[in-house]
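For reference, upload_31.csv is printed below; it contains CSV, C-alpha atoms and all ligand atoms.
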```csv
chain,number,residue,atom,x,y,z
L,1,MET,CA,75.3,153.2,46.4
L,2,ALA,CA,73.1,155.1,48.8
L,3,ALA,CA,74.8,156.7,51.8
L,4,PRO,CA,74.7,154.3,54.8
L,5,SER,CA,71.9,155.2,57.2
L,6,ASP,CA,70.2,153.8,60.2
L,7,ALA,CA,66.7,154.4,58.7
L,8,PRO,CA,65.0,151.2,57.8
L,9,PRO,CA,64.7,150.7,54.1
L,10,HIS,CA,61.5,151.8,52.4
L,11,PRO,CA,59.2,148.7,52.0
L,12,GLU,CA,58.9,149.4,48.3
L,13,THR,CA,62.7,148.8,47.9
L,14,GLN,CA,61.8,145.1,47.9
L,15,TYR,CA,59.8,145.6,44.7
L,16,LEU,CA,62.5,147.7,43.1
L,17,ASP,CA,65.1,145.1,44.0
L,18,LEU,CA,63.0,142.5,42.4
L,19,LEU,CA,62.7,144.6,39.2
L,20,ARG,CA,66.5,145.1,39.2
L,21,ASP,CA,67.2,141.4,39.8
L,22,LEU,CA,64.9,140.4,36.9
L,23,LEU,CA,66.7,142.8,34.6
L,24,GLU,CA,70.1,141.7,35.7
L,25,ARG,CA,69.7,138.0,36.4
L,26,GLY,CA,66.4,136.8,34.9
L,27,THR,CA,66.4,133.8,32.6
L,28,ARG,CA,65.0,134.6,29.2
L,29,ARG,CA,62.1,132.3,28.4
L,30,VAL,CA,59.5,131.8,25.8
L,31,ASP,CA,56.1,132.0,27.4
L,32,ARG,CA,52.4,131.1,26.6
L,33,THR,CA,51.7,134.6,25.3
L,34,GLY,CA,54.6,134.6,22.8
L,35,VAL,CA,55.9,137.9,24.2
L,36,GLY,CA,58.8,136.3,26.1
L,37,THR,CA,60.0,137.1,29.7
L,38,LEU,CA,62.9,137.4,32.0
L,39,ALA,CA,62.0,135.1,34.9
L,40,LEU,CA,63.2,134.2,38.4
L,41,PHE,CA,61.8,131.3,40.4
L,42,GLY,CA,60.7,131.7,44.0
L,43,ARG,CA,60.7,135.2,45.6
L,44,GLN,CA,59.3,136.7,48.8
L,45,MET,CA,58.4,140.2,50.0
L,46,ARG,CA,57.1,141.3,53.4
L,47,PHE,CA,55.1,144.4,54.2
L,48,ASP,CA,54.2,145.4,57.8
L,49,LEU,CA,50.8,146.9,57.3
L,50,ALA,CA,51.3,149.1,60.3
L,51,GLN,CA,54.0,151.0,58.4
L,52,GLY,CA,51.5,152.0,55.7
L,53,PHE,CA,49.5,150.6,52.8
L,54,PRO,CA,51.7,148.7,50.2
L,55,LEU,CA,50.6,150.7,47.2
L,56,LEU,CA,53.6,151.4,44.9
L,57,THR,CA,54.6,155.0,44.9
L,58,THR,CA,57.2,154.8,42.1
L,59,LYS,CA,54.4,154.8,39.6
L,60,ARG,CA,50.7,155.6,40.0
L,61,ILE,CA,48.6,152.5,40.6
L,62,PHE,CA,44.9,152.8,39.7
L,63,TYR,CA,43.9,151.5,43.1
L,64,LYS,CA,40.2,152.3,42.6
L,65,ALA,CA,40.0,149.7,39.9
L,66,ALA,CA,41.8,147.3,42.2
L,67,ILE,CA,39.2,147.9,45.0
L,68,HIS,CA,36.4,147.2,42.4
L,69,GLU,CA,38.1,144.0,41.3
L,70,LEU,CA,38.5,142.7,44.9
L,71,LEU,CA,34.9,143.5,45.7
L,72,TRP,CA,33.9,141.7,42.4
L,73,PHE,CA,35.8,138.6,43.5
L,74,LEU,CA,34.2,138.7,46.9
L,75,SER,CA,30.8,139.0,45.4
L,76,GLY,CA,31.3,135.6,43.7
L,77,ASP,CA,30.6,137.1,40.3
L,78,THR,CA,32.6,135.9,37.2
L,79,ARG,CA,30.9,138.1,34.6
L,80,LEU,CA,32.6,140.9,32.8
L,81,ARG,CA,29.6,143.2,32.9
L,82,PRO,CA,29.7,144.3,36.5
L,83,LEU,CA,33.4,145.2,36.1
L,84,LEU,CA,32.7,147.2,32.9
L,85,GLU,CA,29.9,149.0,34.7
L,86,LYS,CA,32.5,150.3,37.1
L,87,GLY,CA,34.8,151.3,34.3
L,88,VAL,CA,37.2,148.5,35.0
L,89,ARG,CA,38.5,147.1,31.7
L,90,ILE,CA,41.5,144.9,32.7
L,91,TRP,CA,39.7,141.6,32.1
L,92,THR,CA,38.2,142.4,28.7
L,93,ASP,CA,41.2,141.1,26.6
L,94,TRP,CA,40.6,137.4,27.4
L,95,PRO,CA,36.9,137.0,26.4
L,96,LEU,CA,37.6,139.4,23.5
L,97,ALA,CA,40.4,137.1,22.3
L,98,ARG,CA,38.1,134.1,22.6
L,99,TYR,CA,35.3,136.0,20.6
L,100,ARG,CA,37.8,136.9,17.8
L,101,ARG,CA,39.2,133.3,17.7
L,102,GLU,CA,35.8,131.6,17.6
L,103,THR,CA,33.9,134.0,15.3
L,104,GLY,CA,36.8,135.3,13.1
L,105,GLU,CA,35.4,138.8,13.5
L,106,SER,CA,37.9,141.6,14.1
L,107,ILE,CA,35.7,143.5,16.6
L,108,ASP,CA,37.5,146.3,18.5
L,109,GLN,CA,37.6,146.4,22.3
L,110,GLY,CA,35.2,149.3,22.7
L,111,THR,CA,32.5,147.7,20.5
L,112,PHE,CA,32.9,144.4,22.3
L,113,GLU,CA,32.6,146.1,25.7
L,114,ARG,CA,29.5,148.0,24.6
L,115,ARG,CA,27.8,144.8,23.5
L,116,VAL,CA,28.6,143.1,26.8
L,117,LEU,CA,27.0,146.0,28.6
L,118,GLU,CA,23.9,146.4,26.4
L,119,ASP,CA,23.1,143.0,25.0
L,120,ASP,CA,22.0,140.4,27.5
L,121,ALA,CA,22.3,137.5,25.1
L,122,PHE,CA,25.7,138.6,23.9
L,123,ALA,CA,26.9,139.0,27.5
L,124,ALA,CA,25.6,135.6,28.4
L,125,ARG,CA,27.4,134.0,25.4
L,126,TRP,CA,30.7,135.9,25.4
L,127,GLY,CA,31.0,137.9,28.6
L,128,ASP,CA,31.6,135.3,31.2
L,129,LEU,CA,35.2,134.3,32.3
L,130,GLY,CA,34.2,130.8,33.4
L,131,PRO,CA,34.6,129.5,37.0
L,132,VAL,CA,37.4,132.0,37.9
L,133,TYR,CA,38.2,133.4,41.3
L,134,GLY,CA,34.8,134.6,42.5
L,135,LYS,CA,33.2,131.1,41.8
L,136,GLN,CA,35.9,129.2,43.6
L,137,TRP,CA,36.1,131.6,46.5
L,138,ARG,CA,32.4,131.7,47.2
L,139,ALA,CA,30.9,128.6,45.6
L,140,TRP,CA,33.4,125.8,45.2
L,141,GLU,CA,31.4,122.7,44.1
L,142,THR,CA,32.4,119.4,45.7
L,143,ALA,CA,32.2,116.0,44.2
L,144,ASP,CA,29.4,115.1,46.6
L,145,GLY,CA,27.3,118.0,45.5
L,146,ARG,CA,27.9,120.5,48.3
L,147,VAL,CA,28.7,124.2,47.6
L,148,VAL,CA,31.5,125.6,49.8
L,149,ASP,CA,31.9,129.3,50.6
L,150,GLN,CA,35.6,129.3,51.4
L,151,ILE,CA,35.6,133.0,52.5
L,152,ALA,CA,32.7,132.6,54.9
L,153,GLN,CA,34.4,129.6,56.4
L,154,LEU,CA,37.6,131.5,56.6
L,155,VAL,CA,36.0,134.3,58.6
L,156,ASP,CA,34.4,131.8,61.0
L,157,GLY,CA,37.8,130.1,61.3
L,158,ILE,CA,39.7,133.3,62.1
L,159,ARG,CA,37.0,134.2,64.7
L,160,GLY,CA,36.5,130.8,66.3
L,161,ASN,CA,39.8,129.0,65.9
L,162,PRO,CA,42.5,131.6,65.4
L,163,THR,CA,45.4,129.3,66.0
L,164,SER,CA,44.2,126.9,63.3
L,165,ARG,CA,46.8,126.2,60.6
L,166,ARG,CA,44.1,125.7,58.1
L,167,LEU,CA,43.0,129.3,57.7
L,168,LEU,CA,43.2,129.4,53.9
L,169,PHE,CA,41.4,129.5,50.7
L,170,THR,CA,42.4,128.6,47.1
L,171,GLY,CA,41.2,129.3,43.6
L,172,TRP,CA,43.1,126.3,42.2
L,173,ASN,CA,40.2,123.9,41.5
L,174,VAL,CA,41.9,121.3,39.4
L,175,GLY,CA,38.7,119.9,37.9
L,176,GLU,CA,37.6,123.3,36.6
L,177,LEU,CA,40.8,124.8,35.3
L,178,GLU,CA,40.1,124.2,31.6
L,179,ARG,CA,36.8,126.1,31.8
L,180,MET,CA,38.5,129.3,33.2
L,181,ALA,CA,39.5,132.2,30.9
L,182,LEU,CA,42.8,132.0,32.9
L,183,PRO,CA,43.8,129.7,35.7
L,184,PRO,CA,44.2,131.6,38.9
L,185,CYS,CA,47.5,133.4,39.4
L,186,HIS,CA,47.0,134.7,42.9
L,187,MET,CA,45.9,131.2,43.8
L,188,THR,CA,46.2,130.6,47.6
L,189,TYR,CA,45.8,132.8,50.6
L,190,GLN,CA,46.6,131.8,54.2
L,191,TYR,CA,46.2,133.7,57.4
L,192,PHE,CA,47.8,133.7,60.9
L,193,VAL,CA,46.7,135.4,64.1
L,194,ALA,CA,49.2,136.5,66.7
L,195,ASP,CA,49.3,139.3,69.3
L,196,GLY,CA,45.9,140.6,68.2
L,197,ARG,CA,47.1,141.0,64.6
L,198,LEU,CA,46.1,139.2,61.4
L,199,SER,CA,48.8,138.4,58.9
L,200,GLY,CA,48.4,136.9,55.5
L,201,ILE,CA,50.5,135.0,52.9
L,202,LEU,CA,49.6,135.2,49.2
L,203,TYR,CA,51.1,132.4,47.1
L,204,GLN,CA,51.2,133.5,43.5
L,205,ARG,CA,52.2,130.9,41.0
L,206,SER,CA,52.8,133.3,38.2
L,207,ALA,CA,53.5,137.1,38.5
L,208,ASP,CA,53.6,139.8,35.9
L,209,THR,CA,55.9,141.9,37.9
L,210,LEU,CA,55.3,145.2,36.1
L,211,LEU,CA,51.5,145.1,35.6
L,212,GLY,CA,49.7,142.5,37.7
L,213,LEU,CA,51.9,142.3,40.8
L,214,PRO,CA,51.3,145.9,42.1
L,215,TRP,CA,47.5,145.2,41.9
L,216,ASN,CA,47.9,141.8,43.6
L,217,LEU,CA,49.8,143.4,46.5
L,218,CYS,CA,47.2,146.1,46.9
L,219,GLU,CA,44.2,143.7,46.9
L,220,ALA,CA,45.9,141.1,49.2
L,221,ALA,CA,46.6,144.0,51.7
L,222,LEU,CA,43.1,145.3,51.4
L,223,LEU,CA,41.7,141.8,52.1
L,224,ILE,CA,43.8,141.5,55.3
L,225,HIS,CA,42.5,144.9,56.5
L,226,MET,CA,38.9,143.8,55.8
L,227,LEU,CA,39.2,140.4,57.4
L,228,ALA,CA,41.0,142.0,60.4
L,229,GLN,CA,38.2,144.6,60.9
L,230,GLN,CA,35.5,141.9,60.7
L,231,CYS,CA,37.4,139.7,63.2
L,232,ASP,CA,38.3,142.5,65.7
L,233,LEU,CA,42.0,142.2,65.0
L,234,GLY,CA,44.6,144.7,63.8
L,235,PRO,CA,46.4,144.3,60.5
L,236,GLY,CA,49.7,142.4,60.7
L,237,GLU,CA,52.0,141.6,57.8
L,238,LEU,CA,51.4,140.8,54.2
L,239,VAL,CA,53.8,138.2,53.0
L,240,TRP,CA,54.0,137.8,49.3
L,241,THR,CA,55.4,134.6,47.7
L,242,GLY,CA,55.9,134.3,44.0
L,243,ALA,CA,56.9,131.2,42.0
L,244,ASP,CA,57.4,132.1,38.3
L,245,VAL,CA,58.1,135.8,38.8
L,246,HIS,CA,58.7,137.5,35.4
L,247,LEU,CA,59.2,140.7,33.5
L,248,TYR,CA,57.7,140.7,30.0
L,249,LEU,CA,60.3,141.6,27.3
L,250,ASN,CA,58.1,144.6,26.3
L,251,HIS,CA,58.2,146.0,29.8
L,252,LEU,CA,62.0,146.4,30.1
L,253,ASP,CA,62.1,150.2,29.4
L,254,GLN,CA,59.3,150.8,31.8
L,255,ALA,CA,61.1,148.8,34.5
L,256,ARG,CA,64.3,150.8,34.0
L,257,GLN,CA,62.3,154.1,34.1
L,258,GLN,CA,60.7,153.0,37.4
L,259,LEU,CA,64.1,152.1,38.9
L,260,GLY,CA,65.2,155.7,38.4
L,261,ARG,CA,62.6,156.9,40.8
L,262,GLU,CA,62.8,157.3,44.6
L,263,PRO,CA,59.9,155.8,46.7
L,264,ARG,CA,57.7,158.3,48.5
L,265,PRO,CA,55.9,157.8,51.8
L,266,LEU,CA,53.3,155.0,51.7
L,267,PRO,CA,49.7,156.0,51.8
L,268,ARG,CA,47.3,154.9,54.5
L,269,LEU,CA,44.1,152.9,54.1
L,270,VAL,CA,41.0,154.1,56.0
L,271,ILE,CA,37.9,152.0,56.2
L,272,ARG,CA,35.1,154.4,56.9
L,273,ARG,CA,32.5,152.1,58.3
L,274,ARG,CA,32.3,148.6,59.8
L,275,PRO,CA,29.9,146.7,57.6
L,276,ASP,CA,27.8,143.8,59.1
L,277,SER,CA,29.8,141.2,57.2
L,278,LEU,CA,32.8,140.7,54.9
L,279,PHE,CA,30.3,140.7,52.0
L,280,ASP,CA,28.7,144.0,52.7
L,281,TYR,CA,31.6,146.3,51.9
L,282,ARG,CA,31.0,149.0,49.3
L,283,PHE,CA,33.5,150.9,47.2
L,284,GLU,CA,32.8,154.1,49.1
L,285,ASP,CA,33.9,152.4,52.4
L,286,PHE,CA,37.5,152.7,51.4
L,287,ALA,CA,39.8,155.8,51.3
L,288,ILE,CA,43.4,155.9,50.5
L,289,GLU,CA,45.0,158.9,52.2
L,290,GLY,CA,48.3,160.5,51.5
L,291,TYR,CA,48.9,158.9,48.1
L,292,ASP,CA,51.4,161.0,46.1
L,293,PRO,CA,52.9,158.7,43.5
L,294,HIS,CA,55.3,159.3,40.6
L,295,PRO,CA,53.3,159.4,37.3
L,296,HIS,CA,51.7,156.4,35.8
L,297,ILE,CA,53.9,154.3,33.4
L,298,ARG,CA,52.0,152.8,30.4
L,299,ALA,CA,52.6,149.2,29.4
L,300,GLU,CA,50.9,146.7,27.2
L,301,VAL,CA,49.4,143.6,28.8
L,302,ALA,CA,50.4,140.2,27.4
L,303,VAL,CA,47.2,138.3,26.5
B,401,LIG,N1,49.9,139.2,31.3
B,401,LIG,C1,49.0,139.4,32.3
B,401,LIG,N2,49.3,140.2,33.3
B,401,LIG,C2,48.4,140.4,34.3
B,401,LIG,O1,48.7,141.1,35.3
B,401,LIG,C3,47.1,139.7,34.2
B,401,LIG,C4,46.8,138.9,33.1
B,401,LIG,N3,47.8,138.8,32.1
B,401,LIG,N4,45.6,138.3,33.0
B,401,LIG,C5,44.6,138.4,34.0
B,401,LIG,C6,44.7,139.6,34.8
B,401,LIG,C7,44.3,140.9,34.4
B,401,LIG,N5,45.1,141.8,35.1
B,401,LIG,C8,45.6,143.0,34.6
B,401,LIG,C9,45.4,143.4,33.3
B,401,LIG,C10,45.8,144.6,32.9
B,401,LIG,C11,46.4,145.5,33.7
B,401,LIG,C12,46.8,146.8,33.2
B,401,LIG,O2,46.8,147.1,32.0
B,401,LIG,N6,47.1,147.8,34.1
B,401,LIG,C13,47.6,149.1,33.7
B,401,LIG,C14,46.5,150.0,33.3
B,401,LIG,C15,45.2,149.8,33.9
B,401,LIG,C16,44.1,150.7,33.4
B,401,LIG,O3,44.2,151.3,32.4
B,401,LIG,O4,43.0,150.7,34.1
B,401,LIG,C17,48.4,149.6,34.9
B,401,LIG,O5,49.2,150.5,34.7
B,401,LIG,O6,48.2,149.1,36.0
B,401,LIG,C18,46.6,145.1,35.1
B,401,LIG,C19,46.2,143.9,35.5
B,401,LIG,C20,46.0,141.0,36.0
B,401,LIG,N7,46.1,139.8,35.2
B,402,LIG,O1,46.4,138.6,39.2
B,402,LIG,C1,47.1,138.3,38.3
B,402,LIG,C2,46.7,137.7,37.1
B,402,LIG,C3,47.6,137.4,36.2
B,402,LIG,N1,48.9,137.7,36.3
B,402,LIG,C4,49.8,137.4,35.2
B,402,LIG,C5,50.9,136.4,35.4
B,402,LIG,C6,51.2,135.9,33.9
B,402,LIG,O2,52.0,136.9,33.3
B,402,LIG,C7,49.8,136.0,33.3
B,402,LIG,C8,49.1,134.6,33.3
B,402,LIG,O3,49.7,133.7,32.4
B,402,LIG,P1,49.9,132.2,32.8
B,402,LIG,O4,50.5,131.6,31.5
B,402,LIG,O5,48.5,131.6,33.1
B,402,LIG,O6,50.8,132.1,34.0
B,402,LIG,O7,49.1,136.9,34.1
B,402,LIG,C9,49.3,138.4,37.4
B,402,LIG,O8,50.5,138.7,37.5
B,402,LIG,N2,48.4,138.7,38.3
```
Encoded form using structure tokens:
Amino acid sequence: MAAPSDAPPHPETQYLDLLRDLLERGTRRVDRTGVGTLALFGRQMRFDLAQGFPLLTTKRIFYKAAIHELLWFLSGDTRLRPLLEKGVRIWTDWPLARYRRETGESIDQGTFERRVLEDDAFAARWGDLGPVYGKQWRAWETADGRVVDQIAQLVDGIRGNPTSRRLLFTGWNVGELERMALPPCHMTYQYFVADGRLSGILYQRSADTLLGLPWNLCEAALLIHMLAQQCDLGPGELVWTGADVHLYLNHLDQARQQLGREPRPLPRLVIRRRPDSLFDYRFEDFAIEGYDPHPHIRAEVAV
């Protein structure tokens, strides 16, 4: 037990408590990937963005790749190549698994990535993830043939009708799920304006607590900051809600290792420029200042 203190708990304590609860009380389940998990159903965490940027400090998070991933979603792209061009390799496993399954070839990851980068025909055939996040966020196709840009509508909504209870977008397009490499996990985002501040809720149906969740928190917070800047608001709270929240059985040692570490002060996000629209941000516009995390902890991703 820590000594009693009047200091408010570090925001990251919520994440560490979640890891500990999963280890101590999680239900053991067989999951789609065959790895197995310890799972809890229905959790929430809240981060006041005025207190700092919610990037975990108890292990290094590769936030630059997370920024690239968010900008990729917002660009509407669903192809692997633009991610690989930025050195982001977190999505390769799924098209690679499909390639191996359908061709029977045991190609290694590096060779597959090089072909996606260099061979247009190969990239067109094997390097698309289907109508995943970017497609649904920016170009949701309706039954009557319209194409809806949910993000552009959201910005208009926050600016023009800030008390609306419909300030949301979702990736969960039921009619297109089976064409996606993976159905969306961070599936619904909703926003709330009060006292000049913009808050956001992320509803995540399925959360890989060790690997995916830290990235999801970072990107959801980043998006609130960007939307707030575009709408002349301050950043409010990030509220994260997870449904099937799990720890893969091959992540237990990593979770215990992380639980032995003390959180450090949260970094700050600086946006160096105010672009003309939400779709004009560039990677160089973002700086994370004061990030001094504990070392990275390696873990295998379940495919
Ligand atoms: N099981 C699983 N967990 C996920 O988090 C996840 C999926 N699948 N499928 C789709 C995407 C891909 N995402 C991923 C995939 C891999 C890492 C990962 O391996 N992260 C490491 C190292 C990253 C690197 O080397 O750049 C980490 O420590 O964060 C993170 C998120 C999030 N999503
Ligand atoms: O942004 C993401 C994307 C994926 N995940 C995790 C959650 C699950 O462990 C897998 C997806 O498997 P399903 O069987 O489709 O639930 O990926 C994440 O945490 N964050």
Output as a Markdown table one row per residue of chain L within 8 Å of ligand LIG 401 (chain B): the closest atom pair and its distance in Å to one decimal place, counting only C-alpha atoms and all ligand atoms, sorted by chain and residue number ascending.
```
| residue | atom | partner | partner_atom | distance |
| --- | --- | --- | --- | --- |
| L:Thr33 | CA | B:LIG401 | N1 | 7.8 |
| L:Arg60 | CA | B:LIG401 | O5 | 7.5 |
| L:Ile61 | CA | B:LIG401 | O6 | 5.7 |
| L:Phe62 | CA | B:LIG401 | O6 | 6.2 |
| L:Ala65 | CA | B:LIG401 | O4 | 6.6 |
| L:Val88 | CA | B:LIG401 | O4 | 6.3 |
| L:Arg89 | CA | B:LIG401 | O4 | 6.2 |
| L:Ile90 | CA | B:LIG401 | C9 | 4.2 |
| L:Trp91 | CA | B:LIG401 | C7 | 5.2 |
| L:Trp94 | CA | B:LIG401 | N4 | 7.6 |
| L:Leu182 | CA | B:LIG401 | C5 | 6.7 |
| L:Cys185 | CA | B:LIG401 | N7 | 7.8 |
| L:Ala207 | CA | B:LIG401 | O1 | 7.0 |
| L:Asp208 | CA | B:LIG401 | N2 | 5.0 |
| L:Thr209 | CA | B:LIG401 | O1 | 7.7 |
| L:Leu210 | CA | B:LIG401 | O1 | 7.8 |
| L:Leu211 | CA | B:LIG401 | O1 | 4.9 |
| L:Gly212 | CA | B:LIG401 | O1 | 3.0 |
| L:Leu213 | CA | B:LIG401 | O1 | 6.5 |
| L:Pro214 | CA | B:LIG401 | O6 | 7.6 |
| L:Trp215 | CA | B:LIG401 | C19 | 6.7 |
| L:Asn216 | CA | B:LIG401 | C20 | 7.9 |
| L:His296 | CA | B:LIG401 | O5 | 6.5 |
| L:Ile297 | CA | B:LIG401 | O5 | 6.2 |
| L:Arg298 | CA | B:LIG401 | O5 | 5.6 |
| L:Ala299 | CA | B:LIG401 | O5 | 6.4 |
| L:Glu300 | CA | B:LIG401 | O2 | 6.3 |
| L:Val301 | CA | B:LIG401 | N1 | 5.1 |
| L:Ala302 | CA | B:LIG401 | N1 | 4.1 |
| L:Val303 | CA | B:LIG401 | N1 | 5.6 |
```
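If all atoms listed in the file are the atoms counted, then among L:Tyr191, L:Tyr203, L:Tyr248, L:Phe47 the closest residue to ligand LIG 402 (chain B) is L:Tyr248.
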Revision key, fill the gap. Counting all atoms listed in the file, closest pick from L:Lys64, L:Lys59, L:His186, L:Arg264 relative to L:His294 is L:Lys59
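Here atom CA of L:Val155 and atom CA of L:Ser75 stand 14.9 Å from one another.
The residue that comes closest to L:Asp48, out of L:Trp126, L:Trp240, L:Trp140, L:Phe73 and on the basis of all atoms listed in the file, is L:Trp240.
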Practice item. List the neighbours of L:Ala39 out to 12 Å using all atoms listed in the file; skip same-chain residues closer than 4 positions along the sequence, and give me the result as number ranges by chain. Key: L: 18-31, 43, 206-209, 242-249
Could you write out that same residue set with C-alpha atoms as an mmCIF file, in the frame of the given file?
```
data_model
loop_
_atom_site.group_PDB
_atom_site.id
_atom_site.type_symbol
_atom_site.label_atom_id
_atom_site.label_comp_id
_atom_site.auth_asym_id
_atom_site.auth_seq_id
_atom_site.Cartn_x
_atom_site.Cartn_y
_atom_site.Cartn_z
ATOM 1 C CA LEU L 18 63.000 142.500 42.400
ATOM 2 C CA LEU L 19 62.700 144.600 39.200
ATOM 3 C CA ARG L 20 66.500 145.100 39.200
ATOM 4 C CA ASP L 21 67.200 141.400 39.800
ATOM 5 C CA LEU L 22 64.900 140.400 36.900
ATOM 6 C CA LEU L 23 66.700 142.800 34.600
ATOM 7 C CA GLU L 24 70.100 141.700 35.700
ATOM 8 C CA ARG L 25 69.700 138.000 36.400
ATOM 9 C CA GLY L 26 66.400 136.800 34.900
ATOM 10 C CA THR L 27 66.400 133.800 32.600
ATOM 11 C CA ARG L 28 65.000 134.600 29.200
ATOM 12 C CA ARG L 29 62.100 132.300 28.400
ATOM 13 C CA VAL L 30 59.500 131.800 25.800
ATOM 14 C CA ASP L 31 56.100 132.000 27.400
ATOM 15 C CA ARG L 43 60.700 135.200 45.600
ATOM 16 C CA SER L 206 52.800 133.300 38.200
ATOM 17 C CA ALA L 207 53.500 137.100 38.500
ATOM 18 C CA ASP L 208 53.600 139.800 35.900
ATOM 19 C CA THR L 209 55.900 141.900 37.900
ATOM 20 C CA GLY L 242 55.900 134.300 44.000
ATOM 21 C CA ALA L 243 56.900 131.200 42.000
ATOM 22 C CA ASP L 244 57.400 132.100 38.300
ATOM 23 C CA VAL L 245 58.100 135.800 38.800
ATOM 24 C CA HIS L 246 58.700 137.500 35.400
ATOM 25 C CA LEU L 247 59.200 140.700 33.500
ATOM 26 C CA TYR L 248 57.700 140.700 30.000
ATOM 27 C CA LEU L 249 60.300 141.600 27.300
#
```
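Reported to one decimal place, the separation of atom CA of L:Asp144 from atom CA of L:Leu129 is 24.6 Å.
Atom CA of L:Arg197 is found 28.3 Å from atom CA of L:Thr58.
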